[in-house]
file entry27.cif (mmCIF, C-alpha atoms and all ligand atoms)
data_data
#
loop_
_atom_site.label_atom_id
_atom_site.label_comp_id
_atom_site.auth_asym_id
_atom_site.auth_seq_id
_atom_site.Cartn_x
_atom_site.Cartn_y
_atom_site.Cartn_z
CA MET A 1 104.59 245.85 -91.60
CA ILE A 2 106.27 246.86 -88.36
CA TYR A 3 103.66 248.23 -85.99
CA PHE A 4 105.19 250.49 -83.35
CA ASP A 5 102.03 252.43 -82.50
CA ASN A 6 100.71 250.26 -79.68
CA ALA A 7 100.13 253.17 -77.29
CA SER A 8 97.45 254.34 -79.75
CA THR A 9 95.90 250.93 -79.97
CA THR A 10 96.88 247.28 -80.18
CA ARG A 11 95.95 244.40 -82.45
CA MET A 12 93.33 242.21 -80.83
CA SER A 13 95.06 238.98 -79.81
CA ASP A 14 93.89 235.76 -81.48
CA GLU A 15 92.79 234.41 -78.09
CA ALA A 16 90.73 237.51 -77.21
CA PHE A 17 89.27 237.58 -80.73
CA GLU A 18 88.28 233.91 -80.73
CA TYR A 19 86.83 234.19 -77.26
CA MET A 20 84.79 237.22 -78.28
CA CYS A 21 83.60 235.56 -81.52
CA SER A 22 82.45 232.40 -79.82
CA PHE A 23 80.54 234.55 -77.36
CA ILE A 24 78.93 236.61 -80.16
CA LYS A 25 77.77 233.43 -81.85
CA GLU A 26 76.68 231.50 -78.81
CA ASN A 27 75.37 234.05 -76.39
CA TYR A 28 73.85 237.27 -77.59
CA ALA A 29 71.47 237.59 -74.66
CA ASN A 30 71.04 240.74 -72.64
CA PRO A 31 72.73 240.11 -69.29
CA SER A 32 69.83 241.86 -67.56
CA SER A 33 67.30 239.36 -68.97
CA LEU A 34 65.82 237.09 -66.34
CA HIS A 35 65.98 233.86 -68.41
CA SER A 36 68.86 231.46 -68.18
CA PHE A 37 70.31 232.68 -71.49
CA GLY A 38 70.61 236.16 -69.97
CA PHE A 39 72.02 234.70 -66.78
CA GLU A 40 74.79 233.01 -68.80
CA ALA A 41 75.69 236.38 -70.36
CA GLU A 42 75.78 237.94 -66.90
CA LYS A 43 78.12 235.18 -65.76
CA GLU A 44 80.53 236.21 -68.54
CA LEU A 45 80.48 239.79 -67.26
CA ASP A 46 81.31 238.56 -63.79
CA LYS A 47 84.14 236.45 -65.16
CA ALA A 48 85.61 239.46 -66.96
CA ARG A 49 85.15 241.59 -63.85
CA LYS A 50 87.11 239.05 -61.81
CA ALA A 51 89.87 238.96 -64.44
CA VAL A 52 90.24 242.77 -64.41
CA ALA A 53 90.13 242.84 -60.60
CA ALA A 54 92.84 240.17 -60.39
CA VAL A 55 95.29 242.42 -62.27
CA ILE A 56 95.06 245.20 -59.68
CA GLY A 57 94.31 243.01 -56.65
CA SER A 58 90.82 244.38 -55.98
CA ASP A 59 87.47 242.74 -55.36
CA ALA A 60 85.39 242.14 -58.48
CA GLU A 61 82.58 244.26 -56.96
CA GLU A 62 84.88 247.28 -57.11
CA ILE A 63 85.15 247.11 -60.95
CA TYR A 64 82.69 248.95 -63.21
CA PHE A 65 82.75 248.65 -67.00
CA THR A 66 82.57 251.76 -69.17
CA SER A 67 82.82 252.54 -72.88
CA GLY A 68 86.59 253.09 -72.58
CA GLY A 69 89.36 254.99 -70.84
CA THR A 70 87.98 258.38 -71.85
CA GLU A 71 84.61 257.80 -70.25
CA ALA A 72 86.26 256.26 -67.20
CA ASN A 73 88.50 259.33 -66.75
CA ASN A 74 85.63 261.78 -67.30
CA THR A 75 83.54 259.90 -64.74
CA ALA A 76 86.36 259.62 -62.22
CA VAL A 77 87.16 263.34 -62.25
CA LEU A 78 83.70 264.85 -62.70
CA GLY A 79 81.91 262.17 -60.68
CA ALA A 80 84.27 262.39 -57.68
CA ALA A 81 84.23 266.21 -57.74
CA SER A 82 80.45 266.14 -57.83
CA ALA A 83 80.30 263.72 -54.89
CA TYR A 84 82.79 265.58 -52.68
CA GLY A 85 82.37 269.16 -53.96
CA ARG A 86 80.60 270.26 -50.79
CA LEU A 87 83.58 269.30 -48.64
CA GLY A 88 86.16 271.36 -50.53
CA ARG A 89 86.85 273.20 -53.76
CA ARG A 90 90.51 272.50 -54.54
CA VAL A 91 91.41 269.83 -57.12
CA ILE A 92 94.92 268.94 -58.32
CA THR A 93 96.30 267.35 -61.47
CA SER A 94 99.46 267.43 -63.61
CA SER A 95 100.30 269.20 -66.85
CA ILE A 96 100.91 265.94 -68.76
CA GLU A 97 97.57 264.18 -68.35
CA HIS A 98 95.64 262.65 -71.22
CA PRO A 99 93.01 265.09 -72.61
CA SER A 100 90.22 262.98 -71.07
CA VAL A 101 91.57 264.01 -67.66
CA ALA A 102 92.91 267.46 -68.59
CA ASP A 103 89.64 268.54 -70.21
CA SER A 104 87.62 267.23 -67.27
CA PHE A 105 89.67 269.52 -65.02
CA LYS A 106 88.98 272.43 -67.39
CA GLU A 107 85.31 271.64 -66.93
CA LEU A 108 85.74 271.65 -63.14
CA GLU A 109 87.33 275.09 -63.41
CA LYS A 110 84.25 276.32 -65.27
CA ARG A 111 82.16 274.88 -62.45
CA GLY A 112 84.01 277.02 -59.92
CA PHE A 113 86.64 274.61 -58.57
CA GLU A 114 90.15 275.85 -57.87
CA VAL A 115 92.33 273.76 -60.20
CA ILE A 116 96.04 273.40 -59.43
CA THR A 117 98.08 271.96 -62.32
CA LEU A 118 101.51 270.66 -61.35
CA GLY A 119 104.38 270.97 -63.79
CA VAL A 120 106.94 268.24 -64.48
CA ASP A 121 110.73 268.13 -64.70
CA GLU A 122 112.67 267.46 -67.92
CA LYS A 123 112.07 263.71 -67.61
CA GLY A 124 108.35 264.13 -67.00
CA TYR A 125 108.17 263.55 -63.24
CA ILE A 126 106.00 265.59 -60.92
CA ASP A 127 107.63 266.92 -57.76
CA THR A 128 106.07 265.21 -54.72
CA ASP A 129 107.01 268.14 -52.46
CA GLU A 130 105.20 270.53 -54.77
CA LEU A 131 102.19 268.21 -54.66
CA LEU A 132 102.34 268.10 -50.86
CA ASN A 133 102.44 271.88 -50.71
CA ALA A 134 99.38 272.02 -52.92
CA VAL A 135 97.28 269.52 -50.93
CA ASN A 136 95.38 271.29 -48.13
CA GLU A 137 92.24 270.75 -46.09
CA ASP A 138 90.14 272.07 -48.96
CA THR A 139 91.51 269.52 -51.46
CA ILE A 140 89.00 266.88 -52.47
CA LEU A 141 90.66 265.27 -55.50
CA VAL A 142 94.12 264.57 -56.89
CA SER A 143 94.52 262.92 -60.29
CA ILE A 144 97.96 261.87 -61.50
CA MET A 145 98.51 259.40 -64.34
CA CYS A 146 100.75 256.36 -63.93
CA VAL A 147 102.46 255.89 -67.33
CA ASN A 148 102.43 258.89 -69.63
CA ASN A 149 101.04 257.96 -73.03
CA GLU A 150 103.38 260.21 -75.04
CA PHE A 151 106.80 259.61 -73.52
CA GLY A 152 106.32 256.74 -71.09
CA THR A 153 107.48 258.32 -67.82
CA VAL A 154 106.22 256.22 -64.90
CA GLN A 155 105.19 258.17 -61.79
CA ASP A 156 105.76 256.61 -58.39
CA ILE A 157 102.06 256.14 -57.66
CA GLU A 158 102.64 254.38 -54.33
CA LYS A 159 104.69 257.33 -53.04
CA ILE A 160 102.24 259.88 -54.42
CA TYR A 161 99.24 258.11 -52.90
CA SER A 162 100.76 257.88 -49.44
CA ALA A 163 101.93 261.50 -49.63
CA VAL A 164 98.44 262.72 -50.53
CA LYS A 165 96.74 260.59 -47.86
CA GLY A 166 99.36 261.57 -45.28
CA LYS A 167 98.49 265.22 -45.80
CA ASN A 168 94.72 264.85 -46.15
CA ARG A 169 93.27 261.38 -45.71
CA ASN A 170 89.85 262.46 -47.00
CA CYS A 171 91.24 263.56 -50.35
CA ILE A 172 90.35 261.18 -53.19
CA PHE A 173 93.24 259.96 -55.32
CA HIS A 174 92.62 258.93 -58.93
CA THR A 175 95.18 257.54 -61.33
CA ASP A 176 94.78 257.04 -65.08
CA CYS A 177 96.35 253.63 -65.64
CA VAL A 178 95.30 253.18 -69.26
CA GLN A 179 98.93 252.77 -70.40
CA ALA A 180 99.99 250.87 -67.28
CA PHE A 181 97.18 248.32 -66.99
CA CYS A 182 98.43 244.75 -67.59
CA LYS A 183 101.91 246.10 -68.35
CA HIS A 184 103.17 247.57 -65.09
CA ASP A 185 102.54 246.39 -61.58
CA ILE A 186 99.63 248.46 -60.34
CA SER A 187 97.78 247.89 -57.11
CA CYS A 188 94.41 249.03 -55.86
CA ARG A 189 96.12 249.66 -52.51
CA ASN A 190 97.64 252.83 -54.02
CA ALA A 191 94.54 254.55 -55.35
CA ASP A 192 90.88 255.25 -54.65
CA ILE A 193 89.95 255.23 -58.33
CA ILE A 194 91.83 253.62 -61.23
CA THR A 195 90.93 253.85 -64.90
CA MET A 196 91.74 251.19 -67.52
CA SER A 197 91.04 250.52 -71.17
CA ALA A 198 90.71 247.31 -73.19
CA HIS A 199 92.14 248.25 -76.57
CA LYS A 200 95.61 248.93 -75.15
CA ILE A 201 95.87 245.32 -73.96
CA ASN A 202 95.10 243.46 -77.19
CA ALA A 203 91.35 243.44 -76.64
CA SER A 204 88.42 245.24 -78.25
CA LYS A 205 88.00 248.99 -78.67
CA GLY A 206 85.05 250.69 -76.99
CA VAL A 207 85.33 249.23 -73.51
CA GLY A 208 87.15 250.23 -70.36
CA ALA A 209 86.86 249.83 -66.63
CA MET A 210 87.00 251.79 -63.39
CA TYR A 211 88.13 250.55 -60.04
CA ILE A 212 86.34 252.41 -57.27
CA LYS A 213 87.45 251.54 -53.77
CA LYS A 214 84.67 250.40 -51.45
CA GLY A 215 83.31 253.42 -49.60
CA VAL A 216 84.54 255.97 -52.16
CA ARG A 217 81.75 257.94 -53.79
CA VAL A 218 81.69 258.77 -57.49
CA ASN A 219 78.46 260.26 -58.86
CA ASN A 220 77.31 258.66 -62.09
CA LEU A 221 77.25 260.75 -65.27
CA HIS A 222 74.71 258.57 -67.08
CA PHE A 223 71.11 257.78 -66.20
CA GLY A 224 68.49 255.30 -67.21
CA GLY A 225 69.07 251.72 -66.10
CA GLY A 226 70.32 249.44 -63.40
CA GLN A 227 73.41 248.13 -65.18
CA GLU A 228 76.71 248.28 -63.33
CA LYS A 229 74.68 248.81 -60.14
CA GLY A 230 73.07 251.84 -61.77
CA PHE A 231 76.45 253.55 -61.93
CA ARG A 232 76.86 253.06 -65.67
CA PRO A 233 73.46 252.36 -67.18
CA GLY A 234 73.01 251.10 -70.74
CA THR A 235 73.11 247.55 -72.08
CA GLU A 236 76.62 246.24 -71.55
CA ASN A 237 78.91 245.62 -74.52
CA THR A 238 79.15 242.01 -73.43
CA TYR A 239 81.35 240.86 -76.35
CA ALA A 240 83.95 243.55 -75.90
CA ILE A 241 83.91 243.11 -72.13
CA ALA A 242 84.48 239.37 -72.57
CA SER A 243 87.50 240.14 -74.79
CA MET A 244 88.85 242.49 -72.12
CA GLY A 245 88.53 239.78 -69.49
CA ARG A 246 90.28 237.21 -71.65
CA ALA A 247 93.07 239.64 -72.58
CA ALA A 248 93.54 240.61 -68.92
CA GLU A 249 93.89 236.92 -67.94
CA LEU A 250 96.53 236.37 -70.60
CA ALA A 251 98.39 239.59 -69.82
CA LEU A 252 98.49 238.80 -66.10
CA GLU A 253 99.97 235.38 -66.81
CA ASN A 254 102.67 236.85 -69.05
CA MET A 255 103.21 240.28 -67.50
CA ALA A 256 106.80 239.75 -66.31
CA ASP A 257 107.92 238.03 -69.53
CA ASN A 258 106.26 240.66 -71.71
CA PHE A 259 107.86 243.45 -69.70
CA LYS A 260 111.30 241.94 -70.20
CA HIS A 261 110.71 241.28 -73.87
CA VAL A 262 109.49 244.77 -74.79
CA GLY A 263 112.40 246.11 -72.73
CA GLU A 264 114.76 244.37 -75.17
CA VAL A 265 112.88 245.80 -78.15
CA ARG A 266 113.04 249.32 -76.68
CA LYS A 267 116.73 248.96 -75.80
CA THR A 268 117.52 247.92 -79.35
CA LEU A 269 115.71 250.94 -80.77
CA LEU A 270 117.33 253.21 -78.20
CA SER A 271 120.73 252.31 -79.70
CA ILE A 272 119.89 254.81 -82.46
CA THR A 273 121.04 257.52 -80.01
CA ASP A 274 124.60 256.06 -80.31
CA GLU A 275 124.39 255.76 -84.08
CA LEU A 276 123.19 259.25 -84.96
CA ASP A 277 124.06 262.67 -83.58
CA ASN A 278 121.48 264.94 -82.02
CA VAL A 279 118.81 262.36 -81.27
CA TYR A 280 117.23 262.96 -77.86
CA VAL A 281 115.07 260.82 -75.64
CA ASN A 282 111.92 262.56 -74.44
CA GLY A 283 111.10 261.20 -71.00
CA ASP A 284 113.32 258.93 -68.95
CA ALA A 285 115.70 256.94 -71.16
CA GLU A 286 116.67 254.51 -68.39
CA ASN A 287 113.62 254.14 -66.18
CA GLY A 288 110.79 254.95 -68.54
CA SER A 289 108.16 252.38 -69.44
CA PRO A 290 109.63 249.72 -71.74
CA TYR A 291 106.45 250.03 -73.79
CA ILE A 292 107.14 253.56 -75.03
CA LEU A 293 110.15 255.33 -76.54
CA ASN A 294 109.79 258.94 -77.65
CA LEU A 295 112.70 260.38 -79.63
CA SER A 296 113.37 263.82 -81.08
CA PHE A 297 115.53 263.91 -84.21
CA GLU A 298 116.95 267.42 -84.36
CA ASN A 299 116.35 269.23 -87.65
CA VAL A 300 113.80 266.70 -88.86
CA LYS A 301 110.07 267.31 -88.60
CA GLY A 302 108.39 264.47 -86.76
CA GLU A 303 105.62 264.24 -89.33
CA VAL A 304 108.06 264.05 -92.22
CA LEU A 305 110.03 261.28 -90.56
CA LEU A 306 106.82 259.48 -89.73
CA HIS A 307 105.84 259.36 -93.41
CA ALA A 308 109.36 258.37 -94.47
CA LEU A 309 109.17 255.46 -91.99
CA GLU A 310 105.73 254.57 -93.29
CA SER A 311 107.12 254.25 -96.80
CA GLU A 312 109.42 251.57 -95.31
CA GLY A 313 106.46 249.78 -93.73
CA ILE A 314 107.15 251.09 -90.22
CA TYR A 315 104.22 252.62 -88.33
CA ALA A 316 104.91 254.99 -85.44
CA ALA A 317 103.29 258.25 -84.21
CA THR A 318 104.19 261.88 -83.60
CA GLY A 319 102.22 261.83 -80.36
CA ALA A 320 98.89 260.72 -78.98
CA ALA A 321 96.38 259.76 -81.66
CA CYS A 322 93.62 261.63 -79.82
CA SER A 323 95.59 264.92 -80.13
CA SER A 324 96.43 264.50 -83.82
CA ARG A 325 93.30 266.38 -84.91
CA THR A 326 93.49 269.26 -82.42
CA LYS A 327 94.83 272.67 -83.40
CA GLU A 328 97.25 272.74 -80.47
CA LYS A 329 100.73 273.54 -81.87
CA LYS A 330 102.65 272.58 -78.74
CA LYS A 331 102.94 268.94 -77.86
CA ILE A 332 102.94 267.47 -74.36
CA VAL A 333 106.63 266.67 -75.02
CA ASP A 334 107.30 270.44 -75.12
CA ARG A 335 106.40 270.58 -71.42
CA LEU A 336 109.62 268.62 -70.78
CA ASN A 337 111.87 270.42 -73.25
CA ASP A 338 110.40 273.31 -75.16
CA GLY A 339 110.90 272.96 -78.91
CA ARG A 340 111.41 269.17 -78.93
CA GLY A 341 107.80 268.43 -79.81
CA LYS A 342 108.04 269.30 -83.50
CA SER A 343 110.77 266.71 -84.10
CA ALA A 344 109.32 264.02 -81.84
CA VAL A 345 108.37 260.52 -82.92
CA ARG A 346 106.78 258.04 -80.52
CA PHE A 347 107.52 254.34 -80.90
CA SER A 348 105.32 252.14 -78.73
CA PHE A 349 105.54 248.41 -78.37
CA SER A 350 103.59 245.29 -77.58
CA ALA A 351 104.71 241.77 -76.75
CA GLU A 352 104.09 240.92 -80.42
CA ASN A 353 107.01 243.12 -81.56
CA THR A 354 110.45 241.61 -82.04
CA VAL A 355 114.03 242.73 -81.52
CA GLU A 356 114.57 242.14 -85.27
CA GLU A 357 111.87 244.72 -86.02
CA ALA A 358 113.69 247.23 -83.82
CA GLU A 359 116.98 246.43 -85.57
CA ARG A 360 115.41 247.01 -88.96
CA THR A 361 113.96 250.31 -87.74
CA VAL A 362 117.40 251.42 -86.51
CA GLU A 363 118.84 250.66 -89.98
CA CYS A 364 116.07 252.66 -91.66
CA LEU A 365 116.53 255.60 -89.30
CA LYS A 366 120.30 255.60 -89.95
CA ARG A 367 119.54 256.02 -93.64
CA LEU A 368 116.48 258.27 -93.54
CA VAL A 369 117.42 260.84 -90.90
CA PRO A 370 120.65 262.08 -92.61
CA GLN A 371 118.74 262.24 -95.92
CA LEU A 372 115.98 264.37 -94.40
CA ARG A 373 118.46 266.58 -92.58
CA ARG A 374 120.01 267.58 -95.92
CA PHE A 375 116.82 269.51 -96.71
CA VAL A 376 117.10 271.72 -93.64
CA PRO A 377 117.85 275.32 -94.72
CA ARG A 378 121.20 276.51 -93.34
C1 LIG A 401 96.78 257.65 -70.79
C2 LIG A 401 95.49 257.49 -71.52
N1 LIG A 401 94.35 257.76 -70.88
C3 LIG A 401 93.16 257.62 -71.49
C4 LIG A 401 93.06 257.19 -72.78
C5 LIG A 401 91.70 257.05 -73.43
O1 LIG A 401 91.34 255.70 -73.55
P1 LIG A 401 90.25 255.24 -74.63
O2 LIG A 401 90.91 255.29 -75.97
O3 LIG A 401 89.88 253.85 -74.21
O4 LIG A 401 89.11 256.18 -74.53
C6 LIG A 401 94.23 256.91 -73.50
C7 LIG A 401 94.16 256.51 -74.92
O5 LIG A 401 95.04 256.79 -75.69
C8 LIG A 401 95.47 257.05 -72.85
O6 LIG A 401 96.61 256.78 -73.47
#
call {"tool": "encode", "arguments": {"input": "entry27.cif", "output": "structure tokens", "more": "lines below"}}
Ligand SMILES: Cc1ncc(COP(=O)(O)O)c(C=O)c1O
result
Amino acid sequence: MIYFDNASTTRMSDEAFEYMCSFIKENYANPSSLHSFGFEAEKELDKARKAVAAVIGSDAEEIYFTSGGTEANNTAVLGAASAYGRLGRRVITSSIEHPSVADSFKELEKRGFEVITLGVDEKGYIDTDELLNAVNEDTILVSIMCVNNEFGTVQDIEKIYSAVKGKNRNCIFHTDCVQAFCKHDISCRNADIITMSAHKINASKGVGAMYIKKGVRVNNLHFGGGQEKGFRPGTENTYAIASMGRAAELALENMADNFKHVGEVRKTLLSITDELDNVYVNGDAENGSPYILNLSFENVKGEVLLHALESEGIYAATGAACSSRTKEKKKIVDRLNDGRGKSAVRFSFSAENTVEEAERTVECLKRLVPQLRRFVPR
């Protein structure tokens, strides 16, 4: 099997798995328990917190664990708007955010906020001048993702953050770094709130984290316990959190090497654009994230090609897994180039992929795409 669907989720690494298993066996205590067994479990949480903090350069106390990226994004947007809603009513986001951000903004609209949604250019970049024009004294929150999960465009978060703060230093800036965490260089210096997820970094599903800068207020959405300083009550998923910590340690150690390696895999697959006519890159072919390559094969339905690839043992996606069950006809890719979405296939990589796998995929595509194009009515 060739697994090129790592933006949906990744295989848990052997190290993270073994670490998690030993913890399940040896320490099942509730970290809130006052006995030493509970204290040991709490120490594991702290260790994982430090490991996550190290990746973004924050203090461990600024990291809060959640049930995943979705909850972290919901909490960031709704919680910050709730905390600062008395100071202003304008909130800003982009048109290419993950549904966990986009739908939170829809909810804010229902609650009477003025939502400004910025468009993107044909490579998926927001226009910083447009953003600056939108930020005013009434703006309390801006949320712009770092790496887009569908086509891998990487926004210049440092530039965006300083632009927002330059215009209104009280405005809170949130960035969804689920696809960037442990893959791209992200720093807590360039955001007030950052969201992250474990299952995109070869750790367990069902756990994520939020960085909240000291002094920034985010109202909690859950009630009923003192865990995570009362911000995210509920008994912690200690095993999954431990796997996230271990995976973050490993990823930090190997971040530069992994980045280079997946870059080679992506480059090899990108060579299909020289081999076949009318294959287009959605996003930024040159400067996009090396972890994601989204291609449109003209006159071939993405879903049909996906299944043809599957019959060869190659697993890719037509877009985000979370959108695959929605009725929405248009894909996020259509916001870059209208009409490209229906023929789009997303290939997404992890350090476990090889250049040979990309070469084999290129060979399969060279054979399959012309075959499928023959069925297009003239
Ligand atoms: C950019 C982005 N944000 C948020 C999420 C949601 O994360 P989770 O699956 O941990 O809820 C995803 C998952 O695909 C994502 O790609």
call {"tool": "closest_residue", "arguments": {"input": "entry27.cif", "among": "A:Arg346, A:Arg232, A:Arg49, A:Arg169", "to": "Phe151 (chain A)", "atoms": "all atoms listed in the file"}}
result
A:Arg346
call {"tool": "atom_distance", "arguments": {"input": "entry27.cif", "atom1": "CA of Asn6 (chain A)", "atom2": "CA of Glu298 (chain A)"}}
result
24.1 Å
call {"tool": "atom_distance", "arguments": {"input": "entry27.cif", "atom1": "CA of Leu45 (chain A)", "atom2": "CA of His98 (chain A)"}}
result
27.7 Å
call {"tool": "closest_residue", "arguments": {"input": "entry27.cif", "among": "A:Ala29, A:Ile56, A:Met210, A:Ile172", "to": "ligand LIG 401 (chain A)", "atoms": "only C-alpha atoms and all ligand atoms"}}
result
A:Met210
call {"tool": "closest_residue", "arguments": {"input": "entry27.cif", "among": "A:Ser95, A:Thr10, A:Asn148, A:Asn133", "to": "ligand LIG 401 (chain A)", "atoms": "only C-alpha atoms and all ligand atoms"}}
result
A:Asn148
call {"tool": "residues_around", "arguments": {"input": "entry27.cif", "residues": "region 99-115 of chain A", "least_positions_apart": "4", "cutoff": "12 Å", "atoms": "only C-alpha atoms", "output": "MDAnalysis selection string"}}
result
chainID A and resid 68:82 84:95 134:136 138:145 148:150 174:178 195 320:324 326 328 331:332
call {"tool": "closest_residue", "arguments": {"input": "entry27.cif", "among": "A:Asn190, A:Leu276, A:His35, A:Leu305", "to": "Lys159 (chain A)", "atoms": "all atoms listed in the file"}}
result
A:Asn190
call {"tool": "atom_distance", "arguments": {"input": "entry27.cif", "atom1": "CA of Arg373 (chain A)", "atom2": "CA of Arg340 (chain A)"}}
result
15.6 Å
call {"tool": "closest_residue", "arguments": {"input": "entry27.cif", "among": "A:Ser58, A:Ser13, A:Asn294, A:Ser67", "to": "ligand LIG 401 (chain A)", "atoms": "all atoms listed in the file"}}
result
A:Ser67
call {"tool": "axis_aligned_box", "arguments": {"input": "entry27.cif", "around": "ligand LIG 401 (chain A)", "padding_each_side": "5 Å", "output": "AutoDock Vina command-line options"}}
result
--center_x 92.9 --center_y 255.8 --center_z -73.4 --size_x 17.7 --size_y 13.9 --size_z 15.2
call {"tool": "decode", "arguments": {"input": "entry27.cif", "residues": "region 8-15 of chain A", "atoms": "all heavy atoms", "output": "compact mmCIF listing (two decimals), in the first residue's frame"}}
result
# COMPACT_ATOMS: atom_id res chain seq x y z
N SER A 8 -5.17 13.78 6.04
CA SER A 8 -6.38 13.32 6.73
C SER A 8 -6.01 12.77 8.10
O SER A 8 -6.61 13.12 9.11
CB SER A 8 -7.07 12.20 5.96
OG SER A 8 -7.53 12.66 4.75
N THR A 9 -5.06 11.87 8.07
CA THR A 9 -4.52 11.36 9.33
C THR A 9 -3.24 10.59 9.03
O THR A 9 -3.01 10.19 7.89
CB THR A 9 -5.52 10.48 10.09
OG1 THR A 9 -5.10 10.36 11.47
CG2 THR A 9 -5.65 9.08 9.51
N THR A 10 -2.45 10.37 10.07
CA THR A 10 -1.19 9.64 9.87
C THR A 10 -1.20 8.33 10.66
O THR A 10 -2.00 8.17 11.60
CB THR A 10 0.00 10.48 10.40
OG1 THR A 10 -0.28 10.83 11.76
CG2 THR A 10 0.20 11.74 9.58
N ARG A 11 -0.32 7.44 10.26
CA ARG A 11 -0.12 6.21 11.04
C ARG A 11 0.56 6.61 12.35
O ARG A 11 1.43 7.48 12.35
CB ARG A 11 0.82 5.29 10.25
CG ARG A 11 0.99 3.91 10.83
CD ARG A 11 2.01 3.13 10.01
NE ARG A 11 3.38 3.46 10.42
CZ ARG A 11 4.03 2.86 11.41
NH1 ARG A 11 3.45 1.91 12.11
NH2 ARG A 11 5.27 3.21 11.72
N MET A 12 0.16 5.97 13.44
CA MET A 12 0.85 6.28 14.69
C MET A 12 2.26 5.68 14.62
O MET A 12 2.41 4.51 14.24
CB MET A 12 0.11 5.71 15.90
CG MET A 12 0.51 6.45 17.17
SD MET A 12 -0.07 5.70 18.69
CE MET A 12 -1.77 6.00 18.60
N SER A 13 3.27 6.46 14.94
CA SER A 13 4.64 5.94 14.84
C SER A 13 4.84 4.84 15.89
O SER A 13 4.16 4.82 16.93
CB SER A 13 5.66 7.06 15.06
OG SER A 13 5.64 7.46 16.41
N ASP A 14 5.79 3.94 15.61
CA ASP A 14 6.06 2.85 16.55
C ASP A 14 6.44 3.41 17.93
O ASP A 14 5.99 2.91 18.96
CB ASP A 14 7.19 1.95 16.02
CG ASP A 14 6.76 1.24 14.75
OD1 ASP A 14 5.54 1.20 14.47
OD2 ASP A 14 7.64 0.75 14.02
N GLU A 15 7.24 4.48 17.90
CA GLU A 15 7.71 5.06 19.17
C GLU A 15 6.53 5.61 19.98
O GLU A 15 6.42 5.36 21.18
CB GLU A 15 8.71 6.20 18.92
CG GLU A 15 10.06 5.76 18.41
CD GLU A 15 10.09 5.72 16.89
OE1 GLU A 15 9.01 5.67 16.25
OE2 GLU A 15 11.20 5.73 16.34
